Amino acid sequence: MKRKIYVVHNSIWNHGGESLSDKPFSDTADTYYDFELNGVFLHDVQTSSYVDEMEIEEPIPDHIFIVVERYTDGDTFGTSFGHGSIEGACHTIEEAQEIKAAIERDEKVHDGTFKSWHGSNVWQGYFNDLESVEIISTPILP
C-alpha cells in the first residue's frame with residue numbers, strides 16, 4: 001500500500017558577475033540558486049515554500065532518501081544555475097543511487113531510458129543542462 005508524503009523545499013537566488021549591457025543589472029546578470037530541503041512530512045503543511053506531494057510504499061521508514069536534480073536554465077537574456085527539482089523519494093540509498101545513475105545515463109546518451117515522475121526531464125532543453133544529481137538523507141517528520 002502507498003502513502004502520501006509531502007516534501008517541502010525552497011530555492012534562494014542571487015545575481016553574480018557583471019552586467020553585460022546597459023540594461024538594468026538584474027535583467028542581464030547570471031542567477032545562482034541555492035536549493036534547500038526544509039523537511040519531509042506525513043501530512044500536508046501550510047508554508048510559503050514549495051511542497052511536492054509524492055507517494056511511497058508502506059511501511060514508512062524513519063529516514064528517507066530524496067533524489068534532487070540540479071540543472072541550468074536560461075533564455076536569450078541570461079542563464080540561471082542551480083535549479084533544483086525533486087525526482088524521487090526512496091526507502092534505501094541503493095534505490096536512490098539507481099535513480100541517480102539512470103538520470104546521469106540519460107543525460108549523457110539521451111537514450112530515453114529514464115522518464116521523470118513529473119513527466120519531463122527539466123534539464124533537457126535548448127538552454128537547459130543537467131549540473132548534478134544529489135541524494136539527501138532526511139528524517140520523515142510526523
# chains A, B, ... in the order shown; residues from 1 in each chain; ligands from 1
$ select_by_dssp --residues "region 28-102 of chain A" --states "helix (DSSP H, G or I)" --output "list of chain:residue names"
A:Thr28, A:Ile93, A:Glu94, A:Glu95, A:Ala96, A:Gln97, A:Glu98, A:Ile99, A:Lys100, A:Ala101, A:Ala102
$ residues_around --residues "Asp52 (chain A)" --least-positions-apart "6" --cutoff "7 Å" --atoms "only C-alpha atoms" --output "list of chain:residue names"
A:Tyr6, A:Val7, A:Val8
$ write_last_selection --atoms "N, CA and C atoms" --output "PDB file, in the first residue's frame"
ATOM      1  N   TYR A   6       4.916  14.596   1.966  1.00  0.00           N
ATOM      2  CA  TYR A   6       4.985  15.969   1.483  1.00  0.00           C
ATOM      3  C   TYR A   6       6.414  16.475   1.667  1.00  0.00           C
ATOM      4  N   VAL A   7       7.077  16.743   0.548  1.00  0.00           N
ATOM      5  CA  VAL A   7       8.471  17.172   0.541  1.00  0.00           C
ATOM      6  C   VAL A   7       8.493  18.693   0.395  1.00  0.00           C
ATOM      7  N   VAL A   8       8.991  19.374   1.419  1.00  0.00           N
ATOM      8  CA  VAL A   8       8.998  20.841   1.449  1.00  0.00           C
ATOM      9  C   VAL A   8      10.397  21.326   1.092  1.00  0.00           C
TER      10      VAL A   8
END
$ closest_residue --among "A:Glu131, A:Glu87, A:Ala102, A:His9" --to "Val45 (chain A)" --atoms "only C-alpha atoms"
A:His9
$ closest_residue --among "A:Gly82, A:Gly125, A:Gly88, A:Pro59" --to "Ser137 (chain A)" --atoms "only C-alpha atoms"
A:Gly88
$ atom_distance --atom1 "CA of Thr92 (chain A)" --atom2 "CA of Tyr33 (chain A)"
27.6 Å
$ closest_residue --among "A:Ile12, A:Ile136, A:Leu130, A:Ile60" --to "Ala96 (chain A)" --atoms "only C-alpha atoms"
A:Ile136
$ atom_distance --atom1 "CA of Phe77 (chain A)" --atom2 "CA of Tyr50 (chain A)"
26.0 Å
$ residues_around --residues "Phe81 (chain A)" --least-positions-apart "5" --cutoff "7 Å" --atoms "only C-alpha atoms" --output "VMD selection string"
chain A and resid 31 to 33 71 to 73
$ residues_around --residues "Pro142 (chain A)" --least-positions-apart "5" --cutoff "8 Å" --atoms "only C-alpha atoms" --output "PyMOL selection string"
chain A and resi 41-43
$ atom_distance --atom1 "CA of Asp34 (chain A)" --atom2 "CA of Val68 (chain A)"
12.3 Å
$ residues_around --residues "Phe127 (chain A)" --least-positions-apart "2" --cutoff "10 Å" --atoms "only C-alpha atoms" --output "ChimeraX atom specification"
/A:72-76,78-80,123-125,129
$ write_last_selection --atoms "N, CA and C atoms" --output "compact mmCIF listing (two decimals), in the first residue's frame"
# COMPACT_ATOMS: atom_id res chain seq x y z
N THR A 72 20.75 23.76 -15.04
CA THR A 72 20.88 25.12 -15.55
C THR A 72 19.69 25.40 -16.46
N ASP A 73 19.19 26.62 -16.40
CA ASP A 73 18.10 27.07 -17.27
C ASP A 73 18.49 28.45 -17.80
N GLY A 74 17.75 28.94 -18.75
CA GLY A 74 18.06 30.27 -19.25
C GLY A 74 17.22 30.63 -20.45
N ASP A 75 17.58 31.76 -21.03
CA ASP A 75 16.96 32.24 -22.25
C ASP A 75 17.97 33.15 -22.94
N THR A 76 17.55 33.87 -23.94
CA THR A 76 18.50 34.71 -24.69
C THR A 76 19.03 35.87 -23.86
N GLY A 78 19.89 35.62 -20.40
CA GLY A 78 20.73 35.25 -19.29
C GLY A 78 20.61 33.79 -18.93
N THR A 79 21.40 33.38 -17.97
CA THR A 79 21.45 31.99 -17.54
C THR A 79 21.26 31.92 -16.03
N SER A 80 20.56 30.89 -15.59
CA SER A 80 20.40 30.67 -14.16
C SER A 80 20.89 29.26 -13.83
N TRP A 123 15.88 19.20 -17.19
CA TRP A 123 17.22 19.63 -17.57
C TRP A 123 17.47 19.51 -19.07
N GLN A 124 16.51 18.97 -19.81
CA GLN A 124 16.70 18.81 -21.25
C GLN A 124 15.92 19.88 -21.99
N GLY A 125 16.63 20.72 -22.70
CA GLY A 125 16.02 21.80 -23.47
C GLY A 125 17.11 22.62 -24.11
N ASP A 129 20.52 22.27 -18.97
CA ASP A 129 21.55 21.26 -18.90
C ASP A 129 21.61 20.72 -17.47
$ closest_residue --among "A:Arg3, A:Ile135, A:Asp44, A:Gly39" --to "Glu94 (chain A)" --atoms "only C-alpha atoms"
A:Ile135
